[in-house]
file final18.csv (CSV, C-alpha atoms)
chain,number,residue,atom,x,y,z
A,128,MET,CA,10.3,-1.2,41.1
A,129,ASP,CA,7.7,-0.2,38.6
A,130,VAL,CA,8.9,-1.8,35.3
A,131,LEU,CA,7.5,-1.3,31.9
A,132,VAL,CA,8.3,-4.1,29.3
A,133,ILE,CA,7.7,-3.2,25.7
A,134,GLY,CA,7.1,-6.3,23.6
A,135,ALA,CA,5.3,-9.5,24.6
A,136,GLY,CA,7.2,-11.9,22.4
A,137,ALA,CA,9.8,-14.6,23.0
A,138,TRP,CA,11.9,-12.4,25.1
A,139,GLY,CA,9.7,-9.7,26.5
A,140,LEU,CA,7.0,-12.0,27.9
A,141,PRO,CA,9.4,-14.3,29.9
A,142,SER,CA,11.3,-11.2,31.1
A,143,ALA,CA,8.0,-9.7,32.4
A,144,LEU,CA,7.1,-13.0,34.0
A,145,ASN,CA,10.5,-13.2,35.8
A,146,LEU,CA,10.3,-9.6,37.0
A,147,ALA,CA,6.7,-10.0,38.3
A,148,SER,CA,7.5,-13.2,40.1
A,149,ARG,CA,10.3,-11.4,41.9
A,150,GLY,CA,7.9,-8.9,43.3
A,151,HIS,CA,8.2,-6.0,40.9
A,152,ARG,CA,5.2,-4.1,39.6
A,153,VAL,CA,5.3,-4.9,35.9
A,154,THR,CA,3.3,-3.5,32.9
A,155,LEU,CA,3.7,-5.4,29.7
A,156,VAL,CA,2.6,-3.7,26.5
A,157,ASP,CA,2.5,-5.0,22.9
A,158,GLN,CA,1.2,-3.5,19.7
A,159,TYR,CA,-0.5,-6.7,18.6
A,160,GLY,CA,-0.3,-9.4,21.4
A,161,PRO,CA,1.7,-12.6,21.7
A,162,GLY,CA,2.1,-14.8,18.7
A,163,ASN,CA,0.7,-12.2,16.3
A,164,PRO,CA,1.5,-12.3,12.5
A,165,TYR,CA,4.0,-9.4,12.9
A,166,ALA,CA,5.9,-11.1,15.7
A,167,SER,CA,9.6,-12.0,15.4
A,168,SER,CA,8.8,-15.5,16.5
A,169,GLY,CA,5.5,-17.5,16.3
A,170,GLY,CA,3.9,-20.7,15.1
A,171,THR,CA,3.4,-23.8,17.1
A,172,THR,CA,7.0,-24.9,17.2
A,173,ARG,CA,10.5,-23.3,16.8
A,174,LEU,CA,13.7,-25.1,16.1
A,175,TRP,CA,15.9,-25.8,19.2
A,176,ARG,CA,19.3,-26.8,17.8
A,177,ALA,CA,21.3,-27.2,21.1
A,178,ALA,CA,24.5,-27.0,19.1
A,179,ASP,CA,26.8,-24.5,17.5
A,180,PRO,CA,30.3,-24.5,16.0
A,181,SER,CA,31.2,-21.8,18.6
A,182,GLU,CA,31.9,-23.2,22.1
A,183,ARG,CA,30.7,-20.0,23.7
A,184,ARG,CA,27.3,-20.3,21.9
A,185,ALA,CA,27.1,-24.0,22.6
A,186,ARG,CA,27.6,-23.3,26.3
A,187,ALA,CA,24.9,-20.7,26.3
A,188,GLN,CA,22.6,-23.1,24.6
A,189,LEU,CA,23.3,-25.7,27.3
A,190,ARG,CA,22.3,-23.1,29.9
A,191,ALA,CA,19.2,-22.4,27.8
A,192,ILE,CA,18.2,-26.0,28.1
A,193,ALA,CA,18.2,-25.9,31.9
A,194,ALA,CA,16.3,-22.6,31.8
A,195,MET,CA,13.6,-24.1,29.6
A,196,ASP,CA,13.2,-26.9,32.1
A,197,ARG,CA,12.8,-24.4,34.9
A,198,LEU,CA,10.2,-22.5,32.9
A,199,GLY,CA,8.3,-25.6,32.1
A,200,ALA,CA,8.3,-26.6,35.8
A,201,ARG,CA,7.0,-23.1,36.7
A,202,LEU,CA,4.2,-23.3,34.1
A,203,GLY,CA,3.3,-26.9,35.0
A,204,THR,CA,3.8,-28.1,31.4
A,205,PRO,CA,6.8,-28.9,29.2
A,206,VAL,CA,7.8,-26.1,26.8
A,207,THR,CA,10.2,-28.2,24.7
A,208,ARG,CA,10.3,-31.7,23.1
A,209,ARG,CA,13.6,-33.5,22.9
A,210,LEU,CA,13.4,-35.1,19.5
A,211,GLY,CA,17.1,-34.9,18.5
A,212,LEU,CA,18.4,-32.9,15.6
A,213,LEU,CA,20.4,-34.2,12.6
A,214,TRP,CA,23.1,-31.6,11.7
A,215,ARG,CA,24.5,-32.3,8.2
A,216,ASP,CA,27.5,-30.3,7.3
A,217,ASP,CA,31.0,-30.3,5.9
A,218,ALA,CA,32.6,-26.9,6.6
A,219,GLN,CA,31.6,-26.7,10.3
A,220,LEU,CA,30.9,-30.3,11.4
A,221,GLU,CA,34.2,-30.8,13.2
A,222,SER,CA,34.0,-27.5,15.0
A,223,THR,CA,30.4,-28.3,16.0
A,224,ARG,CA,31.6,-31.7,17.3
A,225,ALA,CA,34.4,-30.0,19.2
A,226,SER,CA,32.1,-27.5,20.9
A,227,LEU,CA,29.7,-30.2,21.9
A,228,ASP,CA,32.6,-32.2,23.4
A,229,ALA,CA,33.8,-29.1,25.3
A,230,VAL,CA,30.5,-28.4,27.0
A,231,GLY,CA,29.7,-32.1,27.5
A,232,SER,CA,26.6,-32.2,25.3
A,233,PRO,CA,25.7,-35.7,24.0
A,234,TYR,CA,25.7,-36.5,20.3
A,235,ARG,CA,26.2,-39.4,17.9
A,236,PRO,CA,28.3,-39.3,14.7
A,237,VAL,CA,26.3,-40.3,11.6
A,238,ARG,CA,28.0,-41.3,8.4
A,239,ALA,CA,26.9,-39.9,5.1
A,240,SER,CA,25.5,-43.2,3.9
A,241,GLU,CA,23.5,-43.7,7.1
A,242,VAL,CA,21.6,-40.4,7.3
A,243,GLY,CA,18.5,-42.0,5.9
A,244,GLU,CA,18.4,-44.4,8.9
A,245,VAL,CA,18.3,-41.5,11.3
A,246,PHE,CA,16.0,-39.3,9.3
A,247,PRO,CA,13.6,-41.6,7.3
A,248,GLY,CA,14.0,-41.1,3.6
A,249,LEU,CA,16.8,-38.4,3.8
A,250,ARG,CA,18.8,-38.4,0.5
A,251,PRO,CA,22.5,-38.9,1.2
A,252,ASP,CA,24.7,-36.3,-0.5
A,253,GLY,CA,28.2,-37.4,0.7
A,254,ARG,CA,28.3,-35.2,3.8
A,255,ASP,CA,28.5,-36.7,7.3
A,256,ALA,CA,26.2,-35.5,10.1
A,257,LEU,CA,25.8,-35.4,13.9
A,258,LEU,CA,22.7,-36.4,15.8
A,259,VAL,CA,22.4,-33.9,18.6
A,260,GLU,CA,20.5,-35.7,21.3
A,261,GLN,CA,19.2,-32.8,23.5
A,262,ALA,CA,17.9,-30.8,20.6
A,263,GLY,CA,14.3,-30.7,19.4
A,264,VAL,CA,11.5,-28.1,19.3
A,265,VAL,CA,10.3,-25.3,21.5
A,266,LEU,CA,6.6,-25.5,21.9
A,267,ALA,CA,6.2,-21.8,21.1
A,268,ASP,CA,2.4,-21.5,21.4
A,269,VAL,CA,2.4,-23.4,24.7
A,270,LEU,CA,5.3,-21.3,26.1
A,271,LEU,CA,3.6,-17.9,25.2
A,272,ALA,CA,0.2,-18.9,26.5
A,273,GLY,CA,1.5,-20.4,29.7
A,274,ALA,CA,3.9,-17.5,30.4
A,275,MET,CA,1.1,-14.9,29.9
A,276,ARG,CA,-1.2,-16.8,32.3
A,277,SER,CA,1.6,-17.1,34.9
A,278,PHE,CA,2.5,-13.4,34.4
A,279,ARG,CA,-1.0,-12.3,35.2
A,280,ASP,CA,-1.3,-14.7,38.1
A,281,SER,CA,1.9,-13.1,39.5
A,282,GLY,CA,0.2,-9.7,39.5
A,283,GLY,CA,1.5,-8.4,36.1
A,284,ARG,CA,-0.6,-6.1,34.0
A,285,ALA,CA,-0.8,-6.7,30.2
A,286,GLN,CA,-1.9,-4.1,27.7
A,287,VAL,CA,-2.2,-5.6,24.2
A,288,ARG,CA,-3.0,-3.5,21.1
A,289,THR,CA,-0.9,-0.8,22.7
A,290,GLY,CA,1.8,0.6,20.3
A,291,VAL,CA,4.6,2.7,21.8
A,292,ALA,CA,5.6,5.7,19.8
A,293,ALA,CA,8.5,6.9,21.9
A,294,VAL,CA,10.4,6.4,25.2
A,295,GLU,CA,11.9,9.2,27.2
A,296,VAL,CA,14.1,9.2,30.3
A,297,SER,CA,12.6,11.8,32.5
A,298,GLY,CA,13.9,12.7,35.9
A,299,PRO,CA,14.0,9.7,38.2
A,300,GLY,CA,12.2,7.4,35.8
A,301,VAL,CA,11.1,6.8,32.3
A,302,THR,CA,8.0,7.7,30.3
A,303,ALA,CA,6.6,5.8,27.3
A,304,ARG,CA,4.1,7.6,25.0
A,305,THR,CA,1.7,5.3,23.2
A,306,VAL,CA,0.5,5.7,19.7
A,307,ALA,CA,-2.9,6.7,21.3
A,308,GLY,CA,-1.2,9.4,23.4
A,309,GLU,CA,-1.3,7.6,26.7
A,310,LEU,CA,1.7,8.2,29.0
A,311,LEU,CA,3.1,5.2,30.8
A,312,ARG,CA,5.5,5.9,33.6
A,313,ALA,CA,7.9,3.5,35.3
A,314,ASP,CA,11.2,3.3,37.2
A,315,HIS,CA,12.7,1.1,34.5
A,316,VAL,CA,11.9,0.2,30.9
A,317,VAL,CA,12.8,-3.1,29.1
A,318,ILE,CA,12.7,-2.6,25.3
A,319,ALA,CA,12.1,-6.0,23.7
A,320,ALA,CA,10.1,-4.8,20.7
A,321,GLY,CA,11.8,-6.9,18.0
A,322,PRO,CA,12.3,-4.8,14.8
A,323,GLY,CA,10.7,-1.8,16.6
A,324,SER,CA,13.5,-1.8,19.2
A,325,ARG,CA,15.9,0.1,16.9
A,326,ARG,CA,13.5,3.0,16.4
A,327,LEU,CA,12.7,3.3,20.1
A,328,LEU,CA,16.4,3.2,21.1
A,329,ALA,CA,17.2,5.8,18.4
A,330,GLY,CA,14.8,8.1,20.2
A,331,LEU,CA,16.9,7.7,23.3
A,332,GLY,CA,20.1,8.6,21.3
A,333,VAL,CA,21.2,5.0,21.2
A,334,ARG,CA,22.0,3.8,17.6
A,335,LEU,CA,22.7,0.1,17.3
A,336,PRO,CA,23.9,-1.7,14.1
A,337,LEU,CA,20.9,-3.8,13.5
A,338,GLN,CA,19.1,-4.9,10.3
A,339,SER,CA,15.7,-6.6,10.2
A,340,TYR,CA,14.6,-9.2,7.6
A,341,LEU,CA,11.6,-11.3,6.6
A,342,GLU,CA,11.8,-15.1,6.2
A,343,GLN,CA,9.3,-17.7,5.2
A,344,VAL,CA,8.5,-21.2,6.4
A,345,VAL,CA,6.2,-23.9,4.8
A,346,HIS,CA,4.4,-26.7,6.5
A,347,PHE,CA,4.0,-30.1,4.8
A,348,PRO,CA,1.1,-32.0,6.4
A,349,ASP,CA,-0.1,-35.5,5.8
A,350,PRO,CA,-3.9,-35.1,6.0
A,351,GLY,CA,-4.5,-38.8,6.4
A,352,HIS,CA,-2.0,-39.1,9.2
A,353,PRO,CA,-1.9,-35.8,11.2
A,354,ASP,CA,0.6,-37.3,13.7
A,355,ARG,CA,2.9,-38.9,11.1
A,356,TYR,CA,5.9,-36.6,11.7
A,357,ASP,CA,5.6,-36.2,15.5
A,358,ARG,CA,8.6,-38.5,16.1
A,359,PHE,CA,10.7,-37.3,13.3
A,360,PRO,CA,13.9,-35.6,14.4
A,361,CYS,CA,14.6,-32.0,13.6
A,362,PHE,CA,17.0,-31.4,10.7
A,363,PHE,CA,19.6,-28.7,9.8
A,364,ASP,CA,21.1,-29.1,6.4
A,365,ALA,CA,24.0,-26.6,6.3
A,366,PRO,CA,24.8,-24.4,3.3
A,367,SER,CA,26.6,-26.3,0.5
A,368,GLY,CA,28.2,-24.5,-2.4
A,369,ASP,CA,25.7,-21.9,-3.7
A,370,GLU,CA,22.8,-23.7,-2.0
A,371,PRO,CA,21.5,-22.1,1.2
A,372,GLY,CA,20.8,-24.2,4.3
A,373,ILE,CA,17.4,-25.4,5.4
A,374,TYR,CA,16.0,-26.0,8.9
A,375,CYS,CA,13.2,-28.4,9.6
A,376,MET,CA,11.0,-29.6,12.5
A,377,PRO,CA,7.8,-31.3,13.4
A,378,ALA,CA,4.9,-28.9,14.0
A,379,GLY,CA,2.0,-31.1,15.2
A,380,GLU,CA,-1.1,-31.4,13.0
A,381,LYS,CA,0.4,-28.7,10.7
A,382,GLY,CA,2.9,-31.2,9.5
A,383,TYR,CA,6.6,-30.9,9.0
A,384,LYS,CA,7.9,-27.4,9.0
A,385,VAL,CA,10.7,-26.3,6.6
A,386,GLY,CA,12.4,-23.0,6.1
A,387,LEU,CA,15.1,-21.9,3.7
A,388,ASP,CA,17.9,-20.1,5.6
A,389,ALA,CA,17.8,-17.0,3.4
A,390,PRO,CA,15.8,-13.8,3.8
A,391,LEU,CA,12.8,-13.0,1.6
A,392,ARG,CA,13.8,-9.3,1.8
A,393,ARG,CA,14.9,-6.6,4.2
A,394,LEU,CA,12.2,-5.4,6.5
A,395,GLU,CA,11.8,-1.7,6.0
A,396,PRO,CA,9.6,0.7,8.2
A,397,GLY,CA,6.0,0.5,7.2
A,398,ASP,CA,6.3,-3.0,5.5
A,399,ASP,CA,3.3,-4.8,7.0
A,400,ASP,CA,3.0,-7.3,4.2
A,401,ARG,CA,3.3,-10.9,5.6
A,402,SER,CA,1.9,-12.6,2.5
A,403,PRO,CA,3.8,-15.8,1.5
A,404,VAL,CA,5.8,-15.6,-1.7
A,405,GLU,CA,4.8,-18.4,-4.1
A,406,ALA,CA,8.3,-18.6,-5.6
A,407,ARG,CA,9.8,-19.2,-2.2
A,408,THR,CA,7.1,-21.8,-1.4
A,409,GLU,CA,8.0,-23.7,-4.6
A,410,ARG,CA,11.7,-23.5,-4.0
A,411,ILE,CA,11.2,-25.1,-0.6
A,412,ARG,CA,8.8,-27.7,-2.0
A,413,ARG,CA,11.4,-28.7,-4.6
A,414,ARG,CA,14.0,-29.1,-1.9
A,415,VAL,CA,11.7,-31.3,0.2
A,416,GLU,CA,10.8,-33.4,-2.8
A,417,ARG,CA,14.4,-33.9,-3.7
A,418,ASP,CA,16.0,-34.4,-0.2
A,419,LEU,CA,13.2,-35.3,2.3
A,420,THR,CA,11.6,-38.1,0.4
A,421,SER,CA,9.4,-39.4,3.3
A,422,ILE,CA,7.7,-36.0,3.6
A,423,VAL,CA,4.6,-35.5,1.5
A,424,ALA,CA,5.8,-32.6,-0.7
A,425,VAL,CA,2.4,-30.8,-0.9
A,426,PRO,CA,2.6,-27.4,0.8
A,427,GLY,CA,0.1,-26.5,3.5
A,428,GLU,CA,0.2,-23.5,5.8
A,429,GLN,CA,2.9,-20.9,5.1
A,430,GLN,CA,4.1,-18.2,7.4
A,431,VAL,CA,6.3,-15.1,7.1
A,432,CYS,CA,7.9,-13.7,10.2
A,433,SER,CA,10.7,-11.2,11.0
A,434,TRP,CA,14.1,-11.4,12.5
A,435,THR,CA,16.7,-8.8,13.4
A,436,ASP,CA,20.4,-9.4,12.8
A,437,SER,CA,23.4,-7.9,14.5
A,438,PRO,CA,26.9,-7.6,13.0
A,439,ASP,CA,28.2,-10.8,14.6
A,440,GLY,CA,24.9,-12.7,14.5
A,441,ASP,CA,24.6,-12.7,18.3
A,442,PHE,CA,22.1,-11.1,20.7
A,443,VAL,CA,22.1,-7.5,21.9
A,444,ILE,CA,20.9,-7.7,25.6
A,445,ASP,CA,22.3,-5.2,28.0
A,446,ARG,CA,21.5,-2.7,30.8
A,447,LEU,CA,22.1,0.6,29.1
A,448,SER,CA,21.6,2.7,32.2
A,449,ASP,CA,19.9,2.5,35.6
A,450,ARG,CA,16.6,3.2,33.7
A,451,VAL,CA,16.9,1.3,30.4
A,452,THR,CA,17.5,-2.4,29.5
A,453,VAL,CA,17.4,-3.6,25.9
A,454,ALA,CA,16.8,-7.1,24.5
A,455,CYS,CA,16.9,-7.1,20.7
A,456,GLY,CA,18.9,-8.5,17.8
A,457,ASP,CA,17.4,-12.0,18.0
A,458,SER,CA,19.4,-13.0,14.8
A,459,GLY,CA,16.7,-15.6,14.0
A,460,GLU,CA,17.5,-17.7,17.1
A,461,GLY,CA,15.5,-15.9,19.9
A,462,PHE,CA,13.0,-18.5,20.9
A,463,LYS,CA,15.4,-21.2,21.8
A,464,PHE,CA,16.9,-18.9,24.4
A,465,SER,CA,13.6,-17.3,25.6
A,466,ALA,CA,13.7,-18.8,29.1
A,467,LEU,CA,17.3,-17.9,29.7
A,468,VAL,CA,16.9,-14.4,28.2
A,469,GLY,CA,13.9,-13.9,30.5
A,470,GLU,CA,16.0,-14.7,33.6
A,471,HIS,CA,19.0,-12.7,32.3
A,472,VAL,CA,16.9,-9.6,31.6
A,473,ALA,CA,15.4,-9.7,35.1
A,474,ASP,CA,18.9,-9.9,36.5
A,475,LEU,CA,20.0,-6.9,34.4
A,476,VAL,CA,17.1,-4.8,35.6
A,477,GLU,CA,18.1,-5.6,39.2
A,478,ASP,CA,21.8,-4.8,38.3
A,479,ARG,CA,23.1,-8.3,39.1
A,480,ALA,CA,23.6,-9.9,35.8
A,481,ASP,CA,25.7,-12.9,35.0
A,482,PRO,CA,29.2,-11.7,33.8
A,483,GLU,CA,29.6,-14.3,31.1
A,484,LEU,CA,26.2,-13.5,29.4
A,485,ALA,CA,26.7,-9.8,30.0
A,486,GLU,CA,30.0,-9.9,28.1
A,487,GLN,CA,28.7,-12.2,25.3
A,488,TRP,CA,25.5,-10.2,24.6
A,489,GLY,CA,26.5,-6.7,25.7
A,490,VAL,CA,26.6,-3.7,23.4
A,491,ALA,CA,30.3,-3.0,24.2
A,492,ARG,CA,31.4,-5.6,21.6
A,493,LEU,CA,29.5,-3.8,18.7
A,494,PRO,CA,30.8,-1.0,16.4
A,495,GLU,CA,30.5,2.4,18.0
A,496,GLU,CA,28.5,3.9,15.1
A,497,ALA,CA,26.6,2.1,12.4
A,498,GLU,CA,23.3,2.5,10.7
A,499,GLY,CA,22.8,-1.1,9.7
A,500,CYS,CA,24.4,-4.4,8.6
A,501,ASP,CA,25.0,-3.2,5.1
A,502,VAL,CA,28.6,-4.3,5.1
A,503,ARG,CA,27.9,-8.0,5.4
A,504,ALA,CA,25.4,-10.7,4.4
A,505,PRO,CA,22.7,-11.8,6.8
A,506,SER,CA,23.8,-14.3,9.4
A,507,ALA,CA,23.5,-17.9,8.3
A,508,MET,CA,22.8,-20.7,10.8
A,509,GLY,CA,26.1,-22.3,11.9
A,510,ARG,CA,28.1,-19.8,9.9
A,511,HIS,CA,28.4,-16.8,12.3
call {"tool": "encode", "arguments": {"input": "final18.csv", "output": "structure tokens"}}
result
Amino acid sequence: MDVLVIGAGAWGLPSALNLASRGHRVTLVDQYGPGNPYASSGGTTRLWRAADPSERRARAQLRAIAAMDRLGARLGTPVTRRLGLLWRDDAQLESTRASLDAVGSPYRPVRASEVGEVFPGLRPDGRDALLVEQAGVVLADVLLAGAMRSFRDSGGRAQVRTGVAAVEVSGPGVTARTVAGELLRADHVVIAAGPGSRRLLAGLGVRLPLQSYLEQVVHFPDPGHPDRYDRFPCFFDAPSGDEPGIYCMPAGEKGYKVGLDAPLRRLEPGDDDRSPVEARTERIRRRVERDLTSIVAVPGEQQVCSWTDSPDGDFVIDRLSDRVTVACGDSGEGFKFSALVGEHVADLVEDRADPELAEQWGVARLPEEAEGCDVRAPSAMGRH
């Protein structure tokens, strides 16, 4: 088939690669290019939790680990690092333990008084934790660069700086009209355009209950020792009382990367401002200074990126017709599933998708009519 993939990010690029490697003629378009400042996912590393209070999500994450290994073998370089992740919680710790037991994923219980032995300098706060052994980081920049090279080597055609204004189903195929007025025709289209997916789908008469947000992360480097945090585990500190959770991971020479699990603001159409908010930086810095005492609490590089939430905080990946497949609603967790989503989307295009994933991520579970996620707060990690 001639397949057009809109969006060259964490889901669109692996999808395009899988389709091209299966012999389809694939054109990949993106308004800015992989890893751009407006992408839903970017930076050198992304958190790879490999755990969830939901057994179904934990099982999908286990499958994602195997898919990441397959992708790394195809690219000739690892796309993940298994550093372990310390999950500290009270409300969902037992259900997280139960889901890991159910899927056979290894972990180690950590008492509240011992967390500083697993994560150097972590301040105990009375909550126990789990050390999830298979967790770590996705090497986001390595994955995107390698997938693009492999995509082109597989015969794929990439058009960056190509924004898509609208998609139409016309006769036996589909036509995408670019912002510049170019018409791109194909047998099938994959819409993986992050926050832009909702607009393109609405043009096809498909209205999904999605809401996009902006979030900010801060890197804390140690200039005198750029590799100081390379062997630190990742860390998820679940919400406690009125205090939101934080998620943390090593990010190479950029230092230790920390994000507050709370949106900066809703992402509205036309909002192209990706400037860090100083008040958020200071809030994260104070949290690091208080709780992560071995991290040098001097902010370095800061990054603002987008994510798109669904009503249940799970993905929206489905074959809507024999001409249209959608992959959107990353809910802030898209990169850790990028390899698995790439395989699943290619299966959907070929109309032979895995039934379990099709049920979990399909649109049939969503409300029939909704304009956004106004009726609920944004999804929090471990609290879906």
call {"tool": "residues_around", "arguments": {"input": "final18.csv", "residues": "region 273-285 of chain A", "least_positions_apart": "2", "cutoff": "10 Å", "atoms": "only C-alpha atoms", "output": "VMD selection string"}}
result
chain A and resid 130 to 132 135 137 140 to 157 160 to 161 198 to 199 201 to 204 206 267 to 271 287 to 289 466
call {"tool": "residues_around", "arguments": {"input": "final18.csv", "residues": "Val451 (chain A)", "least_positions_apart": "6", "cutoff": "12 Å", "atoms": "only C-alpha atoms", "output": "PyMOL selection string"}}
result
chain A and resi 130-133+294-297+299-303+313-319+327-328+331+333+444-445+472+475-478
call {"tool": "residues_around", "arguments": {"input": "final18.csv", "residues": "Ala239 (chain A)", "least_positions_apart": "5", "cutoff": "6 Å", "atoms": "only C-alpha atoms", "output": "PyMOL selection string"}}
result
chain A and resi 251+253-255
call {"tool": "residues_near_point", "arguments": {"input": "final18.csv", "point": "(14.7, -8.2, 9.1)", "cutoff": "6 Å", "atoms": "all atoms listed in the file", "output": "number ranges by chain"}}
result
A: 338-341, 393-394, 433-435
call {"tool": "atom_distance", "arguments": {"input": "final18.csv", "atom1": "CA of Val443 (chain A)", "atom2": "CA of Ser465 (chain A)"}}
result
13.5 Å
call {"tool": "closest_atom_pairs", "arguments": {"input": "final18.csv", "of": "region 172-281 of chain A", "to": "region 360-379 of chain A", "cutoff": "6 Å", "atoms": "all atoms listed in the file", "output": "JSON lines"}}
result
{"residue": "A:Thr172", "atom": "CA", "partner": "A:Ala378", "partner_atom": "CA", "distance": 5.5}
{"residue": "A:Leu210", "atom": "CA", "partner": "A:Pro360", "partner_atom": "CA", "distance": 5.1}
{"residue": "A:Gly211", "atom": "CA", "partner": "A:Pro360", "partner_atom": "CA", "distance": 5.2}
{"residue": "A:Leu212", "atom": "CA", "partner": "A:Cys361", "partner_atom": "CA", "distance": 4.4}
{"residue": "A:Leu213", "atom": "CA", "partner": "A:Phe362", "partner_atom": "CA", "distance": 4.8}
{"residue": "A:Trp214", "atom": "CA", "partner": "A:Phe363", "partner_atom": "CA", "distance": 4.9}
{"residue": "A:Arg215", "atom": "CA", "partner": "A:Asp364", "partner_atom": "CA", "distance": 5.0}
{"residue": "A:Asp216", "atom": "CA", "partner": "A:Ala365", "partner_atom": "CA", "distance": 5.2}
{"residue": "A:Gly263", "atom": "CA", "partner": "A:Cys361", "partner_atom": "CA", "distance": 6.0}
call {"tool": "closest_residue", "arguments": {"input": "final18.csv", "among": "A:Ala166, A:Leu257, A:Val385, A:Val306", "to": "Asp418 (chain A)", "atoms": "all atoms listed in the file"}}
result
A:Val385
call {"tool": "atom_distance", "arguments": {"input": "final18.csv", "atom1": "CA of Gly351 (chain A)", "atom2": "CA of Thr420 (chain A)"}}
result
17.2 Å
call {"tool": "atom_distance", "arguments": {"input": "final18.csv", "atom1": "CA of Pro348 (chain A)", "atom2": "CA of Ile422 (chain A)"}}
result
8.2 Å
call {"tool": "closest_residue", "arguments": {"input": "final18.csv", "among": "A:Ile411, A:Ala329, A:Leu227, A:Ala473", "to": "Leu189 (chain A)", "atoms": "all atoms listed in the file"}}
result
A:Leu227
call {"tool": "residues_around", "arguments": {"input": "final18.csv", "residues": "Val345 (chain A)", "least_positions_apart": "6", "cutoff": "7 Å", "atoms": "only C-alpha atoms", "output": "number ranges by chain"}}
result
A: 384-386, 408, 426-430
call {"tool": "residues_around", "arguments": {"input": "final18.csv", "residues": "Ala292 (chain A)", "least_positions_apart": "4", "cutoff": "10 Å", "atoms": "all atoms listed in the file", "output": "list in words"}}
result
Ala303, Arg304, Thr305, Val306, Ala307, Gly308, Glu309, Gly323, Arg326, Leu327 and Gly330 of chain A
call {"tool": "closest_residue", "arguments": {"input": "final18.csv", "among": "A:Val431, A:Leu387, A:Ala229, A:Ala454", "to": "Arg410 (chain A)", "atoms": "all atoms listed in the file"}}
result
A:Leu387
call {"tool": "closest_residue", "arguments": {"input": "final18.csv", "among": "A:Gly440, A:Arg510, A:Glu241, A:Asp449", "to": "Met128 (chain A)", "atoms": "only C-alpha atoms"}}
result
A:Asp449
call {"tool": "closest_residue", "arguments": {"input": "final18.csv", "among": "A:Val453, A:Pro180, A:Arg190, A:Arg412", "to": "Ser222 (chain A)", "atoms": "all atoms listed in the file"}}
result
A:Pro180
call {"tool": "closest_residue", "arguments": {"input": "final18.csv", "among": "A:Gly456, A:Glu380, A:Val404, A:Arg325", "to": "His346 (chain A)", "atoms": "all atoms listed in the file"}}
result
A:Glu380
call {"tool": "axis_aligned_box", "arguments": {"input": "final18.csv", "around": "region 184-201 of chain A", "padding_each_side": "4 Å", "output": "lines of an AutoDock Vina configuration file"}}
result
center_x = 17.3
center_y = -23.6
center_z = 29.3
size_x = 28.6
size_y = 14.6
size_z = 22.8
call {"tool": "decode", "arguments": {"input": "final18.csv", "residues": "region 204-215 of chain A", "atoms": "N, CA and C atoms", "output": "CSV table (one decimal), in the first residue's frame"}}
result
chain,number,residue,atom,x,y,z
A,204,THR,N,21.7,-0.7,18.1
A,204,THR,CA,22.1,0.0,19.3
A,204,THR,C,21.0,0.0,20.3
A,205,PRO,N,21.3,-0.2,21.6
A,205,PRO,CA,20.2,-0.2,22.6
A,205,PRO,C,19.5,1.2,22.6
A,206,VAL,N,18.2,1.1,22.8
A,206,VAL,CA,17.3,2.3,22.9
A,206,VAL,C,16.8,2.5,24.3
A,207,THR,N,17.2,1.7,25.2
A,207,THR,CA,16.8,1.8,26.6
A,207,THR,C,18.1,1.5,27.5
A,208,ARG,N,18.0,2.0,28.8
A,208,ARG,CA,19.0,1.6,29.8
A,208,ARG,C,18.2,1.1,31.0
A,209,ARG,N,18.5,-0.1,31.5
A,209,ARG,CA,17.8,-0.6,32.6
A,209,ARG,C,18.6,-0.2,33.9
A,210,LEU,N,18.1,0.9,34.5
A,210,LEU,CA,18.7,1.4,35.7
A,210,LEU,C,17.9,1.1,37.0
A,211,GLY,N,16.7,0.6,36.8
A,211,GLY,CA,15.8,0.4,37.9
A,211,GLY,C,15.1,1.7,38.3
A,212,LEU,N,13.9,1.5,38.9
A,212,LEU,CA,13.1,2.7,39.3
A,212,LEU,C,12.6,2.4,40.7
A,213,LEU,N,12.8,3.4,41.5
A,213,LEU,CA,12.2,3.4,42.9
A,213,LEU,C,10.9,4.1,42.8
A,214,TRP,N,9.8,3.3,43.2
A,214,TRP,CA,8.4,3.8,43.2
A,214,TRP,C,8.0,3.9,44.6
A,215,ARG,N,7.9,5.1,45.1
A,215,ARG,CA,7.5,5.4,46.5
A,215,ARG,C,6.1,5.8,46.5
